[in-house]
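Peer 1: Following this message is one structure expressed as structure tokens.
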Amino acid sequence: MNCKFYMPTNVLMGKNCVRENAKLFSELGTRALLVTGARSAKLCGAQDDVIAVLSECGIEYQVFDKIMANPVIDVVYEGAEAAKKMKADLIIS
């Protein structure tokens with residue numbers, strides 16, 4: 001089987017980069033699934049920044065925080081089901 005995959009990447013880094021680039025979120029979708037682990041995104045403040053921007057942009061979101069190191073396939077399926085159920089058009093991880 002032949003396959004082509006093109007995925008351009010735009011990496012933004014630095015202090016307050018999420019909040020300073022809030023406009024980009026609203027260009028990507030209107031219903032977001034935020035995929036995280038159970039603790040690290042909360043502890044470092046990244047989850048709060050993303051949720052603040054999503055709310056500010058009027059983007060509906062749901063948090064799926066069940067990802068562990070080397071996630072098992074059941075968790076991957078559960079995350080996919082969560083995205084389908086909420087009709088996510090944007091996945092943030």
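Every chain in the structure tokens takes a letter, A first, then B, and so on in the order presented; its residues are numbered from 1, and the ligands are numbered from 1 following the presented order.
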What parts of chain A does DSSP call alpha helix (DSSP H)? I'd like the answer as a ChimeraX atom specification.
Peer 2: /A:17-20,22-26,40-44,46-56,73-86
Peer 1: Could you write those residues out with N, CA and C atoms, as an mmCIF file, in the first residue's frame?
Peer 2:
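Written file, result-v2.cif:
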data_model
loop_
_atom_site.group_PDB
_atom_site.id
_atom_site.type_symbol
_atom_site.label_atom_id
_atom_site.label_comp_id
_atom_site.auth_asym_id
_atom_site.auth_seq_id
_atom_site.Cartn_x
_atom_site.Cartn_y
_atom_site.Cartn_z
ATOM 1 N N CYS A 17 3.156 31.729 25.699
ATOM 2 C CA CYS A 17 2.917 31.542 24.264
ATOM 3 C C CYS A 17 1.482 31.134 23.959
ATOM 4 N N VAL A 18 0.822 30.403 24.848
ATOM 5 C CA VAL A 18 -0.566 30.002 24.593
ATOM 6 C C VAL A 18 -1.468 31.225 24.639
ATOM 7 N N ARG A 19 -1.370 31.980 25.705
ATOM 8 C CA ARG A 19 -2.242 33.156 25.857
ATOM 9 C C ARG A 19 -1.946 34.235 24.819
ATOM 10 N N GLU A 20 -0.697 34.376 24.434
ATOM 11 C CA GLU A 20 -0.336 35.399 23.449
ATOM 12 C C GLU A 20 -0.743 35.023 22.029
ATOM 13 N N ALA A 22 -3.752 33.336 21.327
ATOM 14 C CA ALA A 22 -5.138 32.879 21.473
ATOM 15 C C ALA A 22 -5.891 32.903 20.144
ATOM 16 N N LYS A 23 -5.616 33.879 19.317
ATOM 17 C CA LYS A 23 -6.316 34.008 18.036
ATOM 18 C C LYS A 23 -6.181 32.740 17.185
ATOM 19 N N LEU A 24 -5.061 32.091 17.276
ATOM 20 C CA LEU A 24 -4.839 30.884 16.472
ATOM 21 C C LEU A 24 -5.835 29.778 16.825
ATOM 22 N N PHE A 25 -6.237 29.697 18.078
ATOM 23 C CA PHE A 25 -7.181 28.662 18.493
ATOM 24 C C PHE A 25 -8.512 28.807 17.762
ATOM 25 N N SER A 26 -9.012 30.028 17.688
ATOM 26 C CA SER A 26 -10.321 30.226 17.060
ATOM 27 C C SER A 26 -10.289 29.967 15.555
ATOM 28 N N SER A 40 0.340 16.290 35.138
ATOM 29 C CA SER A 40 1.394 17.224 34.734
ATOM 30 C C SER A 40 0.880 18.514 34.103
ATOM 31 N N ALA A 41 -0.115 18.433 33.243
ATOM 32 C CA ALA A 41 -0.639 19.648 32.596
ATOM 33 C C ALA A 41 -1.274 20.580 33.621
ATOM 34 N N LYS A 42 -1.871 20.013 34.653
ATOM 35 C CA LYS A 42 -2.453 20.826 35.728
ATOM 36 C C LYS A 42 -1.358 21.447 36.571
ATOM 37 N N LEU A 43 -0.365 20.655 36.959
ATOM 38 C CA LEU A 43 0.687 21.125 37.850
ATOM 39 C C LEU A 43 1.529 22.242 37.244
ATOM 40 N N CYS A 44 1.797 22.165 35.955
ATOM 41 C CA CYS A 44 2.652 23.175 35.330
ATOM 42 C C CYS A 44 1.875 24.408 34.872
ATOM 43 N N ALA A 46 -0.181 24.580 32.286
ATOM 44 C CA ALA A 46 -0.514 24.558 30.859
ATOM 45 C C ALA A 46 -2.006 24.353 30.632
ATOM 46 N N GLN A 47 -2.611 23.471 31.406
ATOM 47 C CA GLN A 47 -4.044 23.208 31.236
ATOM 48 C C GLN A 47 -4.855 24.461 31.526
ATOM 49 N N ASP A 48 -4.509 25.191 32.564
ATOM 50 C CA ASP A 48 -5.221 26.433 32.883
ATOM 51 C C ASP A 48 -5.102 27.449 31.757
ATOM 52 N N ASP A 49 -3.908 27.561 31.172
ATOM 53 C CA ASP A 49 -3.714 28.499 30.054
ATOM 54 C C ASP A 49 -4.587 28.125 28.863
ATOM 55 N N VAL A 50 -4.600 26.849 28.514
ATOM 56 C CA VAL A 50 -5.384 26.405 27.352
ATOM 57 C C VAL A 50 -6.874 26.603 27.612
ATOM 58 N N ILE A 51 -7.341 26.230 28.803
ATOM 59 C CA ILE A 51 -8.764 26.395 29.125
ATOM 60 C C ILE A 51 -9.159 27.865 29.117
ATOM 61 N N ALA A 52 -8.302 28.729 29.622
ATOM 62 C CA ALA A 52 -8.593 30.173 29.606
ATOM 63 C C ALA A 52 -8.752 30.681 28.183
ATOM 64 N N VAL A 53 -7.867 30.245 27.296
ATOM 65 C CA VAL A 53 -7.928 30.692 25.902
ATOM 66 C C VAL A 53 -9.155 30.114 25.198
ATOM 67 N N LEU A 54 -9.441 28.845 25.437
ATOM 68 C CA LEU A 54 -10.629 28.243 24.814
ATOM 69 C C LEU A 54 -11.888 28.981 25.250
ATOM 70 N N SER A 55 -11.991 29.274 26.535
ATOM 71 C CA SER A 55 -13.157 30.006 27.052
ATOM 72 C C SER A 55 -13.225 31.403 26.454
ATOM 73 N N GLU A 56 -12.099 32.071 26.407
ATOM 74 C CA GLU A 56 -12.010 33.423 25.850
ATOM 75 C C GLU A 56 -12.454 33.456 24.379
ATOM 76 N N ILE A 73 -4.303 0.455 24.566
ATOM 77 C CA ILE A 73 -5.233 0.662 23.455
ATOM 78 C C ILE A 73 -6.639 1.009 23.939
ATOM 79 N N ASP A 74 -7.063 0.470 25.074
ATOM 80 C CA ASP A 74 -8.401 0.785 25.593
ATOM 81 C C ASP A 74 -8.551 2.273 25.906
ATOM 82 N N VAL A 75 -7.484 2.890 26.404
ATOM 83 C CA VAL A 75 -7.533 4.325 26.705
ATOM 84 C C VAL A 75 -7.576 5.138 25.411
ATOM 85 N N VAL A 76 -6.851 4.681 24.408
ATOM 86 C CA VAL A 76 -6.883 5.353 23.103
ATOM 87 C C VAL A 76 -8.295 5.292 22.525
ATOM 88 N N TYR A 77 -8.913 4.131 22.584
ATOM 89 C CA TYR A 77 -10.291 3.993 22.098
ATOM 90 C C TYR A 77 -11.252 4.865 22.912
ATOM 91 N N GLU A 78 -11.042 4.929 24.217
ATOM 92 C CA GLU A 78 -11.905 5.758 25.058
ATOM 93 C C GLU A 78 -11.769 7.239 24.694
ATOM 94 N N GLY A 79 -10.556 7.678 24.423
ATOM 95 C CA GLY A 79 -10.341 9.061 23.990
ATOM 96 C C GLY A 79 -10.988 9.335 22.645
ATOM 97 N N ALA A 80 -10.867 8.385 21.716
ATOM 98 C CA ALA A 80 -11.503 8.533 20.403
ATOM 99 C C ALA A 80 -13.015 8.620 20.544
ATOM 100 N N GLU A 81 -13.570 7.810 21.424
ATOM 101 C CA GLU A 81 -15.021 7.829 21.655
ATOM 102 C C GLU A 81 -15.454 9.169 22.251
ATOM 103 N N ALA A 82 -14.645 9.704 23.157
ATOM 104 C CA ALA A 82 -14.957 11.019 23.744
ATOM 105 C C ALA A 82 -14.966 12.097 22.666
ATOM 106 N N ALA A 83 -14.002 12.041 21.752
ATOM 107 C CA ALA A 83 -13.944 13.021 20.653
ATOM 108 C C ALA A 83 -15.152 12.894 19.741
ATOM 109 N N LYS A 84 -15.530 11.667 19.413
ATOM 110 C CA LYS A 84 -16.702 11.442 18.558
ATOM 111 C C LYS A 84 -17.978 11.924 19.240
ATOM 112 N N LYS A 85 -18.115 11.572 20.510
ATOM 113 C CA LYS A 85 -19.335 11.909 21.242
ATOM 114 C C LYS A 85 -19.559 13.422 21.313
ATOM 115 N N MET A 86 -18.488 14.187 21.515
ATOM 116 C CA MET A 86 -18.647 15.644 21.614
ATOM 117 C C MET A 86 -18.526 16.329 20.251
#
Peer 1: Could you list, as a list in words, every residue within 6 Å of Tyr61 in chain A, counting only C-alpha atoms and ignoring same-chain residues fewer than 3 positions away?
Peer 2: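 So, after excluding close chain neighbours, the residues are Arg31, Ala32 and Leu33 of chain A.
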Peer 1: Write the residues of the preceding selection, restricted to C-alpha atoms, as a tab-separated table (two decimals), in the first residue's frame.
Peer 2:
chain	number	residue	atom	x	y	z
A	31	ARG	CA	-15.26	22.13	19.69
A	32	ALA	CA	-12.03	20.96	21.31
A	33	LEU	CA	-10.98	17.84	23.14
Peer 1: For Ile67 in chain A, which residue out of A:Ser93, A:Cys3, A:Ala88, A:Thr36 is the nearest one, using only C-alpha atoms?
Peer 2: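 Counting only C-alpha atoms, the residue closest to Ile67 in chain A is A:Thr36.
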Peer 1: Got a sec: who's within 10 Å of Gly29 in chain A, counting only C-alpha atoms, leaving out chain neighbours fewer than 5 positions off, as a ChimeraX atom specification?
Peer 2: /A:24,59-60,88-91
Peer 1: So which one's closest to Lys15 in chain A, A:Glu27, A:Val72, A:Asn2, A:Gly45? Using only C-alpha atoms, please.
Peer 2: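 Using only C-alpha atoms, the shortest distance to Lys15 in chain A belongs to A:Gly45.
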Peer 1: Go through A:Thr30, A:Ala38, A:Tyr6, A:Asn21 one by one, measure the shortest atom-to-atom distance of each to Lys66 in chain A using only C-alpha atoms, and give the residue with the smallest value.
Peer 2: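 With only C-alpha atoms as the atom set, the closest residue is A:Ala38.
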Peer 1: Between CA of Arg39 in chain A and CA of Val63 in chain A, what is the spacing in Å?
Peer 2: 12.3 Å
Peer 1: Pick from A:Ala69, A:Thr9, A:Phe64, A:Lys87: nearest to Val35 in chain A, with only C-alpha atoms counted?
Peer 2: A:Phe64
Peer 1: Could you tell me, as a list in words, which residues of chain A DSSP assigns to strand (DSSP E or B) when given the backbone?
Peer 2: Arg31, Ala32, Leu33, Leu34, Val35, Thr36, Gly37, Glu60, Tyr61, Gln62, Val63, Phe64, Asp65, Lys66, Ile67, Leu90, Ile91 and Ile92 of chain A
Peer 1: With all heavy atoms retained, export the selected residues as a compact mmCIF listing (two decimals), in the first residue's frame.
Peer 2:
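Output below, filename part.txt:
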# COMPACT_ATOMS: atom_id res chain seq x y z
N ARG A 31 -15.00 23.15 18.66
CA ARG A 31 -15.26 22.13 19.69
C ARG A 31 -13.97 21.35 19.90
O ARG A 31 -13.56 20.59 19.02
CB ARG A 31 -16.38 21.20 19.26
CG ARG A 31 -17.69 21.93 18.97
CD ARG A 31 -18.72 21.01 18.33
NE ARG A 31 -19.14 19.96 19.23
CZ ARG A 31 -20.18 20.07 20.07
NH1 ARG A 31 -20.89 21.18 20.08
NH2 ARG A 31 -20.51 19.07 20.87
N ALA A 32 -13.36 21.53 21.07
CA ALA A 32 -12.03 20.96 21.31
C ALA A 32 -12.05 19.87 22.37
O ALA A 32 -12.74 19.98 23.38
CB ALA A 32 -11.07 22.07 21.75
N LEU A 33 -11.26 18.85 22.13
CA LEU A 33 -10.98 17.84 23.14
C LEU A 33 -9.55 18.08 23.59
O LEU A 33 -8.61 18.03 22.79
CB LEU A 33 -11.12 16.42 22.59
CG LEU A 33 -10.89 15.31 23.63
CD1 LEU A 33 -11.98 15.34 24.70
CD2 LEU A 33 -10.84 13.94 22.96
N LEU A 34 -9.37 18.39 24.87
CA LEU A 34 -8.06 18.62 25.46
C LEU A 34 -7.60 17.30 26.06
O LEU A 34 -8.20 16.80 27.01
CB LEU A 34 -8.14 19.72 26.52
CG LEU A 34 -6.88 20.03 27.30
CD1 LEU A 34 -5.72 20.36 26.39
CD2 LEU A 34 -7.14 21.17 28.28
N VAL A 35 -6.55 16.72 25.50
CA VAL A 35 -6.05 15.40 25.89
C VAL A 35 -4.79 15.58 26.72
O VAL A 35 -3.80 16.15 26.24
CB VAL A 35 -5.76 14.53 24.64
CG1 VAL A 35 -5.23 13.17 25.04
CG2 VAL A 35 -7.01 14.40 23.78
N THR A 36 -4.84 15.10 27.98
CA THR A 36 -3.71 15.27 28.89
C THR A 36 -3.52 14.02 29.73
O THR A 36 -4.34 13.12 29.72
CB THR A 36 -3.93 16.45 29.86
OG1 THR A 36 -4.93 16.09 30.81
CG2 THR A 36 -4.35 17.71 29.13
N GLY A 37 -2.46 14.05 30.51
CA GLY A 37 -2.28 13.05 31.56
C GLY A 37 -3.08 13.51 32.77
O GLY A 37 -3.73 14.56 32.75
N GLU A 60 -16.07 25.51 22.74
CA GLU A 60 -16.55 24.48 23.65
C GLU A 60 -15.44 23.45 23.81
O GLU A 60 -14.76 23.10 22.84
CB GLU A 60 -17.80 23.83 23.07
CG GLU A 60 -18.42 22.80 23.96
CD GLU A 60 -19.66 22.18 23.33
OE1 GLU A 60 -20.30 22.84 22.48
OE2 GLU A 60 -19.98 21.05 23.70
N TYR A 61 -15.24 22.96 25.02
CA TYR A 61 -14.16 21.99 25.22
C TYR A 61 -14.55 20.94 26.26
O TYR A 61 -15.45 21.13 27.06
CB TYR A 61 -12.87 22.68 25.66
CG TYR A 61 -12.94 23.25 27.04
CD1 TYR A 61 -12.57 22.49 28.16
CD2 TYR A 61 -13.38 24.55 27.26
CE1 TYR A 61 -12.65 23.00 29.44
CE2 TYR A 61 -13.47 25.07 28.53
CZ TYR A 61 -13.10 24.30 29.61
OH TYR A 61 -13.19 24.81 30.87
N GLN A 62 -13.82 19.84 26.20
CA GLN A 62 -13.93 18.77 27.18
C GLN A 62 -12.50 18.31 27.46
O GLN A 62 -11.67 18.27 26.55
CB GLN A 62 -14.76 17.63 26.63
CG GLN A 62 -14.93 16.48 27.59
CD GLN A 62 -15.82 15.39 26.98
OE1 GLN A 62 -16.54 15.59 26.03
NE2 GLN A 62 -15.74 14.21 27.56
N VAL A 63 -12.21 17.98 28.71
CA VAL A 63 -10.88 17.49 29.09
C VAL A 63 -10.92 15.97 29.19
O VAL A 63 -11.78 15.40 29.85
CB VAL A 63 -10.43 18.09 30.43
CG1 VAL A 63 -9.08 17.53 30.86
CG2 VAL A 63 -10.37 19.62 30.35
N PHE A 64 -9.99 15.32 28.51
CA PHE A 64 -9.80 13.88 28.63
C PHE A 64 -8.41 13.70 29.25
O PHE A 64 -7.39 13.85 28.59
CB PHE A 64 -9.88 13.21 27.26
CG PHE A 64 -9.74 11.71 27.32
CD1 PHE A 64 -10.82 10.93 27.67
CD2 PHE A 64 -8.52 11.10 27.05
CE1 PHE A 64 -10.70 9.54 27.76
CE2 PHE A 64 -8.39 9.72 27.12
CZ PHE A 64 -9.48 8.94 27.48
N ASP A 65 -8.38 13.40 30.56
CA ASP A 65 -7.11 13.38 31.30
C ASP A 65 -6.70 11.99 31.76
O ASP A 65 -6.15 11.81 32.84
CB ASP A 65 -7.17 14.33 32.48
CG ASP A 65 -8.23 13.97 33.50
OD1 ASP A 65 -8.96 12.98 33.30
OD2 ASP A 65 -8.34 14.69 34.51
N LYS A 66 -6.90 11.02 30.90
CA LYS A 66 -6.61 9.63 31.28
C LYS A 66 -5.36 9.05 30.59
O LYS A 66 -5.12 7.85 30.66
CB LYS A 66 -7.82 8.75 30.95
CG LYS A 66 -9.05 9.15 31.73
CD LYS A 66 -10.22 8.28 31.38
CE LYS A 66 -11.45 8.75 32.15
NZ LYS A 66 -12.61 7.91 31.87
N ILE A 67 -4.59 9.91 29.96
CA ILE A 67 -3.42 9.42 29.23
C ILE A 67 -2.26 9.16 30.21
O ILE A 67 -1.95 9.99 31.04
CB ILE A 67 -2.98 10.44 28.16
CG1 ILE A 67 -4.11 10.72 27.19
CG2 ILE A 67 -1.73 9.95 27.43
CD1 ILE A 67 -4.63 9.51 26.44
N LEU A 90 -11.33 19.75 16.88
CA LEU A 90 -10.00 20.19 17.27
C LEU A 90 -9.55 19.33 18.45
O LEU A 90 -10.29 19.16 19.41
CB LEU A 90 -10.06 21.67 17.68
CG LEU A 90 -8.84 22.30 18.32
CD1 LEU A 90 -7.65 22.27 17.37
CD2 LEU A 90 -9.15 23.74 18.71
N ILE A 91 -8.36 18.77 18.34
CA ILE A 91 -7.79 17.99 19.45
C ILE A 91 -6.50 18.68 19.87
O ILE A 91 -5.63 18.95 19.04
CB ILE A 91 -7.52 16.53 19.04
CG1 ILE A 91 -8.83 15.91 18.60
CG2 ILE A 91 -6.82 15.79 20.16
CD1 ILE A 91 -9.03 14.47 18.74
N ILE A 92 -6.43 18.97 21.15
CA ILE A 92 -5.25 19.64 21.72
C ILE A 92 -4.63 18.66 22.71
O ILE A 92 -5.31 18.15 23.59
CB ILE A 92 -5.65 20.93 22.47
CG1 ILE A 92 -6.36 21.88 21.51
CG2 ILE A 92 -4.42 21.58 23.10
CD1 ILE A 92 -7.04 23.04 22.21
